[in-house]
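Enquirer: Got a file for you: my_file.cif, mmCIF, C-alpha atoms.
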data_target
loop_
_atom_site.label_atom_id
_atom_site.label_comp_id
_atom_site.auth_asym_id
_atom_site.auth_seq_id
_atom_site.Cartn_x
_atom_site.Cartn_y
_atom_site.Cartn_z
CA MET A 1 0.00 0.00 0.00
CA ASN A 2 1.64 3.29 -1.10
CA ASP A 3 2.51 5.83 1.60
CA PRO A 4 1.35 9.39 0.88
CA PHE A 5 4.01 10.64 3.31
CA ALA A 6 6.97 8.87 1.68
CA HIS A 7 8.03 11.99 -0.24
CA ALA A 8 11.32 13.36 1.05
CA GLY A 9 9.73 16.71 1.91
CA LEU A 10 7.27 15.00 4.27
CA LEU A 11 9.68 12.72 6.10
CA GLY A 12 9.98 15.20 8.95
CA VAL A 13 6.20 15.27 9.34
CA LYS A 14 6.12 11.49 9.40
CA GLN A 15 8.85 11.27 12.03
CA ARG A 16 7.06 13.71 14.33
CA ALA A 17 3.87 11.71 13.88
CA LEU A 18 5.71 8.49 14.76
CA ASP A 19 7.05 10.12 17.91
CA ARG A 20 3.61 11.38 18.95
CA ALA A 21 1.46 8.48 17.66
CA MET A 22 -0.54 10.71 15.33
CA PRO A 23 -2.54 8.71 12.76
CA LEU A 24 -1.67 10.75 9.68
CA SER A 25 -3.30 8.18 7.37
CA ALA A 26 -6.80 6.84 8.04
CA TYR A 27 -8.37 4.07 5.98
CA LEU A 28 -12.16 3.88 6.15
CA GLU A 29 -13.72 0.73 4.73
CA LEU A 30 -17.19 2.00 3.92
CA THR A 31 -18.64 -1.35 2.86
CA TYR A 32 -17.68 -4.97 2.28
CA ALA A 33 -19.99 -5.04 -0.76
CA CYS A 34 -18.16 -5.29 -4.06
CA THR A 35 -19.07 -5.57 -7.72
CA TRP A 36 -16.14 -7.91 -8.41
CA ARG A 37 -15.16 -11.33 -7.11
CA CYS A 38 -11.37 -11.23 -7.39
CA LEU A 39 -9.75 -14.65 -7.05
CA PHE A 40 -7.23 -13.56 -4.41
CA CYS A 41 -9.36 -11.03 -2.55
CA SER A 42 -8.48 -10.71 1.14
CA ASN A 43 -12.07 -9.80 2.04
CA PRO A 44 -13.82 -12.97 3.26
CA ARG A 45 -17.24 -11.33 3.17
CA ARG A 46 -19.28 -9.75 0.37
CA HIS A 47 -21.91 -8.00 2.47
CA ASP A 48 -22.29 -5.83 5.54
CA ILE A 49 -23.97 -6.97 8.74
CA GLN A 50 -24.56 -3.46 10.08
CA ARG A 51 -22.87 -0.85 7.92
CA LEU A 52 -22.16 2.59 9.40
CA SER A 53 -24.25 5.41 7.95
CA ALA A 54 -22.94 8.84 6.99
CA ALA A 55 -24.38 10.20 10.24
CA GLN A 56 -22.21 7.70 12.13
CA TRP A 57 -19.08 8.33 10.05
CA LEU A 58 -19.10 12.12 10.44
CA PRO A 59 -18.27 12.14 14.20
CA VAL A 60 -15.46 9.68 13.41
CA LEU A 61 -14.10 12.20 10.92
CA ASP A 62 -14.23 14.86 13.65
CA ASP A 63 -12.17 12.60 15.90
CA LEU A 64 -9.68 11.86 13.13
CA ARG A 65 -9.17 15.58 12.68
CA LEU A 66 -8.56 15.97 16.43
CA LEU A 67 -6.04 13.11 16.37
CA GLY A 68 -4.07 14.77 13.57
CA ALA A 69 -5.10 12.79 10.51
CA LEU A 70 -4.14 14.49 7.26
CA VAL A 71 -5.21 11.93 4.63
CA VAL A 72 -8.39 9.86 4.68
CA THR A 73 -8.66 6.99 2.23
CA LEU A 74 -12.13 5.67 1.41
CA THR A 75 -12.02 2.01 0.48
CA GLY A 76 -13.98 -1.23 0.75
CA GLY A 77 -15.14 -3.56 -0.80
CA GLU A 78 -16.14 -1.03 -3.39
CA PRO A 79 -16.61 2.25 -1.52
CA LEU A 80 -18.83 3.75 -4.21
CA ALA A 81 -21.35 1.00 -3.42
CA HIS A 82 -22.10 2.77 -0.13
CA PRO A 83 -25.36 4.66 -0.71
CA GLU A 84 -24.05 7.72 1.16
CA PHE A 85 -20.56 7.72 -0.30
CA PHE A 86 -20.59 11.34 -1.38
CA ALA A 87 -21.90 12.59 1.97
CA ILE A 88 -18.95 10.86 3.67
CA ALA A 89 -16.45 12.05 1.06
CA ARG A 90 -17.68 15.64 1.40
CA GLY A 91 -17.33 15.27 5.16
CA VAL A 92 -13.64 14.49 4.72
CA ARG A 93 -13.01 17.58 2.61
CA GLN A 94 -15.14 19.84 4.83
CA ARG A 95 -12.79 18.97 7.69
CA ALA A 96 -9.76 20.03 5.64
CA MET A 97 -8.35 16.53 5.29
CA ALA A 98 -7.04 15.19 1.99
CA LEU A 99 -9.15 12.54 0.30
CA ARG A 100 -8.01 9.38 -1.46
CA LEU A 101 -10.23 6.78 -3.07
CA PHE A 102 -9.50 3.11 -3.76
CA THR A 103 -11.96 1.86 -6.38
CA ASN A 104 -12.33 -0.73 -9.10
CA GLY A 105 -14.06 1.86 -11.28
CA SER A 106 -17.09 -0.27 -12.06
CA LEU A 107 -19.52 2.37 -10.74
CA VAL A 108 -17.78 5.37 -12.29
CA ASP A 109 -19.72 6.99 -15.12
CA ARG A 110 -19.34 10.56 -16.42
CA ASP A 111 -21.46 12.11 -13.64
CA VAL A 112 -19.71 10.19 -10.86
CA ALA A 113 -16.32 11.14 -12.31
CA ARG A 114 -17.27 14.81 -12.32
CA ALA A 115 -18.64 14.66 -8.79
CA LEU A 116 -15.48 12.94 -7.56
CA THR A 117 -13.18 15.41 -9.27
CA ALA A 118 -15.15 18.32 -7.79
CA LEU A 119 -14.00 17.10 -4.37
CA ARG A 120 -10.37 17.60 -5.48
CA PRO A 121 -9.13 14.22 -4.23
CA LEU A 122 -5.44 13.71 -3.65
CA SER A 123 -5.76 10.64 -5.89
CA VAL A 124 -8.23 8.17 -7.28
CA GLU A 125 -6.53 4.76 -7.32
CA LEU A 126 -7.94 2.11 -9.62
CA SER A 127 -7.27 -1.62 -9.59
CA LEU A 128 -6.04 -3.14 -12.85
CA HIS A 129 -5.57 -6.91 -13.07
CA GLY A 130 -4.43 -7.43 -16.63
CA ALA A 131 -3.66 -5.78 -19.94
CA THR A 132 -6.36 -7.76 -21.72
CA ALA A 133 -10.03 -8.43 -21.06
CA VAL A 134 -9.38 -12.17 -20.87
CA THR A 135 -6.86 -11.85 -18.04
CA HIS A 136 -8.54 -9.02 -16.17
CA ASP A 137 -12.05 -10.49 -16.32
CA ARG A 138 -10.80 -13.93 -15.29
CA THR A 139 -9.19 -12.41 -12.21
CA THR A 140 -12.19 -10.32 -11.20
CA GLY A 141 -14.75 -13.02 -11.94
CA ARG A 142 -16.82 -10.46 -13.86
CA GLU A 143 -17.15 -10.39 -17.63
CA GLY A 144 -16.84 -6.82 -18.87
CA SER A 145 -14.85 -5.58 -15.86
CA PHE A 146 -11.82 -4.67 -18.01
CA ALA A 147 -13.95 -2.54 -20.30
CA ALA A 148 -15.61 -0.94 -17.26
CA THR A 149 -12.21 -0.04 -15.78
CA LEU A 150 -11.01 1.54 -19.01
CA SER A 151 -14.26 3.47 -19.26
CA ALA A 152 -13.82 4.75 -15.70
CA ILE A 153 -10.29 5.87 -16.54
CA ASP A 154 -11.58 7.76 -19.57
CA HIS A 155 -14.29 9.53 -17.55
CA LEU A 156 -11.92 10.42 -14.71
CA GLN A 157 -9.22 11.71 -17.03
CA ALA A 158 -11.78 13.80 -18.92
CA ALA A 159 -12.89 15.29 -15.60
CA GLY A 160 -9.29 16.09 -14.62
CA ALA A 161 -8.84 13.69 -11.68
CA THR A 162 -5.39 12.65 -10.47
CA LEU A 163 -5.13 8.91 -11.06
CA LEU A 164 -2.96 5.98 -10.04
CA LEU A 165 -3.26 2.44 -11.41
CA LYS A 166 -2.53 -0.42 -9.00
CA ALA A 167 -1.78 -3.83 -10.44
CA PRO A 168 -1.13 -6.80 -8.15
CA LEU A 169 1.36 -9.05 -9.96
CA THR A 170 0.02 -12.60 -9.98
CA GLY A 171 0.59 -15.89 -11.70
CA ILE A 172 -2.32 -14.95 -13.94
CA ASN A 173 -1.08 -11.62 -15.29
CA GLU A 174 2.71 -11.85 -14.99
CA GLY A 175 2.99 -12.65 -18.70
CA GLU A 176 1.41 -9.27 -19.48
CA LEU A 177 3.77 -7.12 -17.42
CA ASP A 178 5.17 -5.20 -20.39
CA GLU A 179 1.67 -4.66 -21.76
CA LEU A 180 0.43 -3.43 -18.37
CA LEU A 181 3.21 -0.88 -18.16
CA ALA A 182 2.62 0.18 -21.76
CA LEU A 183 -1.11 0.62 -21.15
CA ALA A 184 -0.42 2.97 -18.24
CA GLU A 185 2.25 4.88 -20.16
CA CYS A 186 -0.01 5.29 -23.18
CA ARG A 187 -2.65 6.91 -20.99
CA GLY A 188 -0.15 9.00 -19.06
CA ILE A 189 -1.02 7.45 -15.68
CA PRO A 190 1.50 6.24 -13.09
CA ILE A 191 1.20 2.57 -12.22
CA ARG A 192 2.30 0.61 -9.18
CA VAL A 193 2.79 -3.12 -9.71
CA ASP A 194 3.09 -5.08 -6.47
CA PRO A 195 3.96 -8.80 -6.26
CA THR A 196 2.81 -9.11 -2.65
CA LEU A 197 -0.41 -10.98 -1.98
CA LYS A 198 -1.67 -11.56 1.54
CA PRO A 199 -3.95 -14.10 3.18
CA GLY A 200 -7.60 -13.34 3.68
CA ASP A 201 -8.52 -11.21 6.67
CA ASP A 202 -9.88 -14.40 8.26
CA GLY A 203 -6.46 -16.08 7.96
CA ASN A 204 -7.34 -18.13 4.86
CA CYS A 205 -4.10 -18.59 2.89
CA ALA A 206 -5.84 -19.59 -0.36
CA PRO A 207 -5.15 -16.19 -2.00
CA LEU A 208 -1.40 -16.88 -1.80
CA ALA A 209 -1.77 -19.64 -4.39
CA TYR A 210 -2.21 -16.92 -7.03
CA GLY A 211 1.17 -15.34 -6.32
CA ALA A 212 3.56 -14.60 -9.17
CA SER A 213 6.40 -16.99 -9.93
CA ARG A 214 10.00 -16.24 -9.01
CA ALA A 215 10.66 -15.41 -12.65
CA GLY A 216 7.67 -13.05 -12.70
CA VAL A 217 8.83 -11.20 -9.60
CA ALA A 218 12.38 -11.02 -10.98
CA ALA A 219 11.08 -9.51 -14.22
CA LEU A 220 9.22 -6.85 -12.27
CA TYR A 221 12.17 -6.08 -10.01
CA GLN A 222 14.48 -5.74 -13.00
CA ARG A 223 12.21 -3.01 -14.36
CA LEU A 224 12.00 -1.31 -10.98
CA ALA A 225 15.77 -1.47 -10.59
CA ALA A 226 16.19 0.30 -13.91
CA VAL A 227 14.30 3.33 -12.57
CA GLY A 228 15.62 3.18 -8.99
CA GLN A 229 12.34 2.00 -7.46
CA LEU A 230 13.18 -1.37 -5.93
CA PRO A 231 11.44 -2.00 -2.59
CA GLN A 232 13.80 -0.88 0.14
CA THR A 233 13.65 0.44 3.66
CA GLY A 234 16.19 1.95 5.99
CA ARG A 235 16.39 0.39 9.45
CA ALA A 236 18.46 1.46 12.44
CA ALA A 237 18.70 0.11 15.95
CA GLY A 238 16.01 1.57 18.16
CA GLY A 239 13.81 2.47 15.20
CA VAL A 240 10.39 1.20 14.17
CA ASN A 241 9.52 -1.21 11.38
CA CYS A 242 6.40 0.66 10.26
CA GLY A 243 3.65 2.99 11.42
CA LEU A 244 1.56 0.20 12.96
CA GLY A 245 -0.52 1.77 15.72
CA ARG A 246 1.29 5.07 15.35
CA THR A 247 0.71 6.76 11.99
CA THR A 248 -2.06 4.60 10.52
CA VAL A 249 -5.55 3.66 11.60
CA ALA A 250 -8.24 1.63 9.84
CA ILE A 251 -11.95 1.32 10.55
CA ASP A 252 -14.12 -1.38 9.01
CA PRO A 253 -17.72 -0.98 7.77
CA GLU A 254 -19.16 -1.87 11.17
CA GLY A 255 -16.96 0.52 13.16
CA ASN A 256 -14.22 -1.81 14.40
CA VAL A 257 -10.90 0.02 14.73
CA PHE A 258 -7.53 -1.48 13.77
CA PRO A 259 -3.97 -0.12 14.09
CA CYS A 260 -3.41 -0.48 10.34
CA MET A 261 -5.27 -1.56 7.21
CA GLN A 262 -3.73 -5.04 7.18
CA TRP A 263 -3.92 -5.83 10.92
CA ARG A 264 -7.15 -7.80 11.42
CA HIS A 265 -6.57 -10.41 14.12
CA SER A 266 -7.30 -8.00 16.99
CA ASP A 267 -9.13 -4.66 17.07
CA LEU A 268 -8.88 -1.63 19.34
CA GLY A 269 -12.61 -1.42 19.97
CA ASN A 270 -15.63 -0.06 18.13
CA VAL A 271 -16.53 3.58 17.45
CA CYS A 272 -20.21 2.80 18.06
CA ASP A 273 -19.34 2.05 21.70
CA THR A 274 -16.36 4.30 22.44
CA PRO A 275 -15.15 7.54 20.78
CA LEU A 276 -12.20 7.02 18.45
CA THR A 277 -10.08 9.52 20.38
CA GLN A 278 -10.48 7.44 23.54
CA LEU A 279 -9.71 4.16 21.77
CA TRP A 280 -6.58 5.67 20.24
CA ARG A 281 -5.17 7.61 23.15
CA GLY A 282 -5.99 5.30 26.03
CA GLY A 283 -5.99 1.80 24.64
CA GLN A 284 -3.54 -0.88 25.74
CA ARG A 285 -4.26 -2.76 22.52
CA ARG A 286 -2.76 0.02 20.43
CA ALA A 287 0.32 0.07 22.65
CA ALA A 288 0.71 -3.68 22.08
CA ALA A 289 0.64 -3.13 18.32
CA THR A 290 3.29 -0.41 18.47
CA ALA A 291 5.49 -2.76 20.50
CA ILE A 292 5.27 -5.27 17.64
CA ALA A 293 6.51 -2.61 15.23
CA ASP A 294 9.47 -1.94 17.54
CA GLN A 295 10.29 -5.64 17.90
CA ALA A 296 10.01 -6.29 14.16
CA ASN A 297 12.62 -3.64 13.48
CA GLU A 298 15.13 -5.37 15.73
CA VAL A 299 14.28 -8.85 14.41
CA LEU A 300 14.91 -7.78 10.82
CA LEU A 301 18.15 -6.04 11.73
CA ALA A 302 19.35 -9.18 13.52
CA LEU A 303 18.64 -11.28 10.43
CA GLY A 304 21.01 -9.11 8.40
CA GLU A 305 20.89 -8.66 4.66
CA PRO A 306 18.89 -9.01 2.54
CA MET A 307 16.02 -9.01 5.05
CA ALA A 308 17.25 -5.99 7.01
CA SER A 309 16.69 -3.59 4.11
CA PHE A 310 13.40 -4.98 2.75
CA PRO A 311 9.91 -3.80 3.79
CA PHE A 312 8.23 -6.19 6.22
CA CYS A 313 4.56 -6.36 7.22
CA PRO A 314 3.85 -7.85 10.68
CA ALA A 315 0.12 -7.92 9.89
CA ALA A 316 0.65 -10.14 6.85
CA ALA A 317 3.04 -12.33 8.86
CA VAL A 318 0.51 -13.00 11.60
CA LEU A 319 -2.16 -13.91 9.05
CA GLU A 320 0.16 -16.25 7.18
CA HIS A 321 2.19 -17.75 10.03
CA GLY A 322 0.32 -16.91 13.24
CA ASP A 323 3.28 -14.82 14.41
CA PRO A 324 3.75 -11.10 13.55
CA LEU A 325 7.52 -11.53 13.74
CA ALA A 326 7.74 -14.61 11.51
CA VAL A 327 9.75 -14.16 8.32
CA GLY A 328 8.21 -16.30 5.60
CA GLU A 329 9.62 -17.91 2.49
CA SER A 330 8.09 -15.43 0.05
CA PHE A 331 9.48 -12.49 2.03
CA VAL A 332 12.98 -13.97 1.94
CA ARG A 333 12.68 -14.70 -1.78
CA HIS A 334 11.55 -11.17 -2.64
CA ALA A 335 14.18 -9.60 -0.37
CA SER A 336 16.92 -11.70 -1.95
CA LEU A 337 15.86 -10.77 -5.49
CA ALA A 338 15.84 -7.10 -4.62
CA ARG A 339 19.27 -7.37 -3.01
CA GLU A 340 20.73 -9.12 -6.05
CA LEU A 341 19.52 -6.37 -8.34
CA ARG A 342 20.75 -3.58 -6.05
CA SER A 343 24.19 -5.19 -5.84
CA PRO A 344 24.84 -7.11 -9.09
CA ALA A 345 27.85 -9.37 -9.11
#
Please lay out the structure from this file as structure tokens.

Expert:
Amino acid sequence: MNDPFAHAGLLGVKQRALDRAMPLSAYLELTYACTWRCLFCSNPRRHDIQRLSAAQWLPVLDDLRLLGALVVTLTGGEPLAHPEFFAIARGVRQRAMALRLFTNGSLVDRDVARALTALRPLSVELSLHGATAVTHDRTTGREGSFAATLSAIDHLQAAGATLLLKAPLTGINEGELDELLALAECRGIPIRVDPTLKPGDDGNCAPLAYGASRAGVAALYQRLAAVGQLPQTGRAAGGVNCGLGRTTVAIDPEGNVFPCMQWRHSDLGNVCDTPLTQLWRGGQRRAAATAIADQANEVLLALGEPMASFPFCPAAAVLEHGDPLAVGESFVRHASLARELRSPA
């Protein structure tokens, strides 16, 4: 998941937020409902039991503002499937927070594109699962989804929205990597291709079976190396692995609060029962999550290269291995490939 605060000019802001546990980035899952049925989706549900309304989300946005959030990402499921999406999105902007949207584009027509762009979002990020309809539609389980995505891109570009394409690299689409990159370049849109899949939020590891081959990941990393964009992180003793429980917060459609978007095995409480500010500032569960981020930093440093300089996700580790500090085979493989390309023989 790309970090809106990774830009060099914002590193100081991010460090201060880490020191003060300010959730700069908030991820609001508005609904579990989705128009697609992606083969490797981490969402084990396709419906909401008791979805929060706009009236319930707006006080949460007030609390996020008080806690120091700067960017609010609306996601799902498919967030545009929430019947009050625009009321919630306007609430974000009315509180002077930046807005991001993760969408598959299936519900974006000309009017929706114009309404979205009028909110001046930081970015609208669309999922792309192949360079051809055959590959994309197979992955999403929906015939016509590729055409719908391209149509959404056309409408959003015509409206003047800032776009990003996100393409998970899988065993299904790895043969179309060059075509994926060319499609994005032809349309003048940046693209982020990520070979990392994670288990379902319920711990089901079936999605991992769709991961790209070693050759597919190597092909991607070779292209990233050519433009200086290989995955890499700088670790130092006494540092933190990530913003878990410090600079990120996630809230699911029913109001359960988590210390990051990926961390699903234990929540911090529910905003329907306790104000978000109280859950964040006074909760022992959040402190336990931040301790994991501290420990992970030291574990990776102790392992040495190539693991010490490669991004690690404790949330994915606990889903896959039952231990947030467990370093899995795919992590080691990806770290080793990146190291080889950074330091060719």

Enquirer: Residues of range 172-242 of chain A that have any atom at most 12 Å from an atom of range 128-142 of chain A: could you tabulate them with the shortest-distance atom pair and the distance in Å to one decimal, using only C-alpha atoms, ordered by chain and increasing number, as JSON lines?

Expert:
{"residue": "A:Ile172", "atom": "CA", "partner": "A:Thr135", "partner_atom": "CA", "distance": 6.9}
{"residue": "A:Asn173", "atom": "CA", "partner": "A:Gly130", "partner_atom": "CA", "distance": 5.5}
{"residue": "A:Glu174", "atom": "CA", "partner": "A:Gly130", "partner_atom": "CA", "distance": 8.6}
{"residue": "A:Gly175", "atom": "CA", "partner": "A:Gly130", "partner_atom": "CA", "distance": 9.3}
{"residue": "A:Glu176", "atom": "CA", "partner": "A:Ala131", "partner_atom": "CA", "distance": 6.2}
{"residue": "A:Leu177", "atom": "CA", "partner": "A:Ala131", "partner_atom": "CA", "distance": 8.0}
{"residue": "A:Asp178", "atom": "CA", "partner": "A:Ala131", "partner_atom": "CA", "distance": 8.9}
{"residue": "A:Glu179", "atom": "CA", "partner": "A:Ala131", "partner_atom": "CA", "distance": 5.7}
{"residue": "A:Leu180", "atom": "CA", "partner": "A:Ala131", "partner_atom": "CA", "distance": 5.0}
{"residue": "A:Leu181", "atom": "CA", "partner": "A:Ala131", "partner_atom": "CA", "distance": 8.6}
{"residue": "A:Ala182", "atom": "CA", "partner": "A:Ala131", "partner_atom": "CA", "distance": 8.8}
{"residue": "A:Leu183", "atom": "CA", "partner": "A:Ala131", "partner_atom": "CA", "distance": 7.0}
{"residue": "A:Ala184", "atom": "CA", "partner": "A:Ala131", "partner_atom": "CA", "distance": 9.5}
{"residue": "A:Ile191", "atom": "CA", "partner": "A:Leu128", "partner_atom": "CA", "distance": 9.2}
{"residue": "A:Arg192", "atom": "CA", "partner": "A:Leu128", "partner_atom": "CA", "distance": 9.9}
{"residue": "A:Val193", "atom": "CA", "partner": "A:Leu128", "partner_atom": "CA", "distance": 9.4}
{"residue": "A:Asp194", "atom": "CA", "partner": "A:His129", "partner_atom": "CA", "distance": 11.0}
{"residue": "A:Pro195", "atom": "CA", "partner": "A:His129", "partner_atom": "CA", "distance": 11.9}
{"residue": "A:Pro207", "atom": "CA", "partner": "A:Thr139", "partner_atom": "CA", "distance": 11.6}
{"residue": "A:Tyr210", "atom": "CA", "partner": "A:Thr139", "partner_atom": "CA", "distance": 9.8}

Enquirer: Carefully work through the PyMOL selection byres ((chain A and resi 55) around 12) for this structure and note down the residues it includes, as an mmCIF file with C-alpha atoms, in the frame of the given file.

Expert:
data_model
loop_
_atom_site.group_PDB
_atom_site.id
_atom_site.type_symbol
_atom_site.label_atom_id
_atom_site.label_comp_id
_atom_site.auth_asym_id
_atom_site.auth_seq_id
_atom_site.Cartn_x
_atom_site.Cartn_y
_atom_site.Cartn_z
ATOM 1 C CA ARG A 51 -22.870 -0.850 7.920
ATOM 2 C CA LEU A 52 -22.160 2.590 9.400
ATOM 3 C CA SER A 53 -24.250 5.410 7.950
ATOM 4 C CA ALA A 54 -22.940 8.840 6.990
ATOM 5 C CA GLN A 56 -22.210 7.700 12.130
ATOM 6 C CA TRP A 57 -19.080 8.330 10.050
ATOM 7 C CA LEU A 58 -19.100 12.120 10.440
ATOM 8 C CA PRO A 59 -18.270 12.140 14.200
ATOM 9 C CA VAL A 60 -15.460 9.680 13.410
ATOM 10 C CA LEU A 61 -14.100 12.200 10.920
ATOM 11 C CA ASP A 62 -14.230 14.860 13.650
ATOM 12 C CA GLU A 84 -24.050 7.720 1.160
ATOM 13 C CA PHE A 85 -20.560 7.720 -0.300
ATOM 14 C CA ALA A 87 -21.900 12.590 1.970
ATOM 15 C CA ILE A 88 -18.950 10.860 3.670
ATOM 16 C CA GLY A 91 -17.330 15.270 5.160
ATOM 17 C CA CYS A 272 -20.210 2.800 18.060
#

Enquirer: Please indicate the distance in Å from CA of Leu67 in chain A to CA of Met97 in chain A, rounded to one decimal place.

Expert: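 Atom-to-atom, CA of Leu67 in chain A and CA of Met97 in chain A are spaced 11.8 Å apart.
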
Enquirer: Please write as a PyMOL selection string the full residue list that the PyMOL selection byres ((chain A and resi 39-45) around 9) yields on this file.

Expert: chain A and resi 32-33+37-38+46-48+76-77+138-141+197-204+206-211

Enquirer: Calculate how many Å separate CA of Leu74 in chain A from CA of Leu163 in chain A, rounding to one decimal.

Expert: 14.7 Å

Enquirer: Taking (-5.9, 11.1, 20.5) as a centre in this file's frame and 9 Å as the limit, can you find every polymer residue with an atom that close, using all atoms listed in the file, and give them as a ChimeraX atom specification?

Expert: /A:21-23,63-64,66-68,276-282

Enquirer: Which residues fall under the PyMOL selection byres ((chain A and resi 299) around 12) in this file, as a compact mmCIF listing (two decimals) with C-alpha atoms, keeping the file's coordinate frame?

Expert:
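Output contents, as saved in expr_29.txt:
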# COMPACT_ATOMS: atom_id res chain seq x y z
CA ARG A 235 16.39 0.39 9.45
CA ALA A 236 18.46 1.46 12.44
CA ALA A 237 18.70 0.11 15.95
CA GLY A 238 16.01 1.57 18.16
CA GLY A 239 13.81 2.47 15.20
CA VAL A 240 10.39 1.20 14.17
CA ASN A 241 9.52 -1.21 11.38
CA ILE A 292 5.27 -5.27 17.64
CA ALA A 293 6.51 -2.61 15.23
CA ASP A 294 9.47 -1.94 17.54
CA GLN A 295 10.29 -5.64 17.90
CA ALA A 296 10.01 -6.29 14.16
CA ASN A 297 12.62 -3.64 13.48
CA GLU A 298 15.13 -5.37 15.73
CA LEU A 300 14.91 -7.78 10.82
CA LEU A 301 18.15 -6.04 11.73
CA ALA A 302 19.35 -9.18 13.52
CA LEU A 303 18.64 -11.28 10.43
CA GLY A 304 21.01 -9.11 8.40
CA GLU A 305 20.89 -8.66 4.66
CA MET A 307 16.02 -9.01 5.05
CA ALA A 308 17.25 -5.99 7.01
CA SER A 309 16.69 -3.59 4.11
CA PHE A 312 8.23 -6.19 6.22
CA PRO A 314 3.85 -7.85 10.68
CA PRO A 324 3.75 -11.10 13.55
CA LEU A 325 7.52 -11.53 13.74
CA ALA A 326 7.74 -14.61 11.51
CA VAL A 327 9.75 -14.16 8.32

Enquirer: Excluding Gly243 in chain A and its own-chain neighbours fewer than 4 positions away, which residues fall within 10 Å of it when counting all atoms listed in the file? Please give them as a list in words.

Expert: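 My list of contacting residues is Lys14, Gln15, Ala17, Leu18, Ala21, Met22, Pro23, Leu24, Ser25, Thr247, Thr248, Val249, Pro259, Cys260, Ala289, Thr290, Ala293 and Asp294 of chain A.
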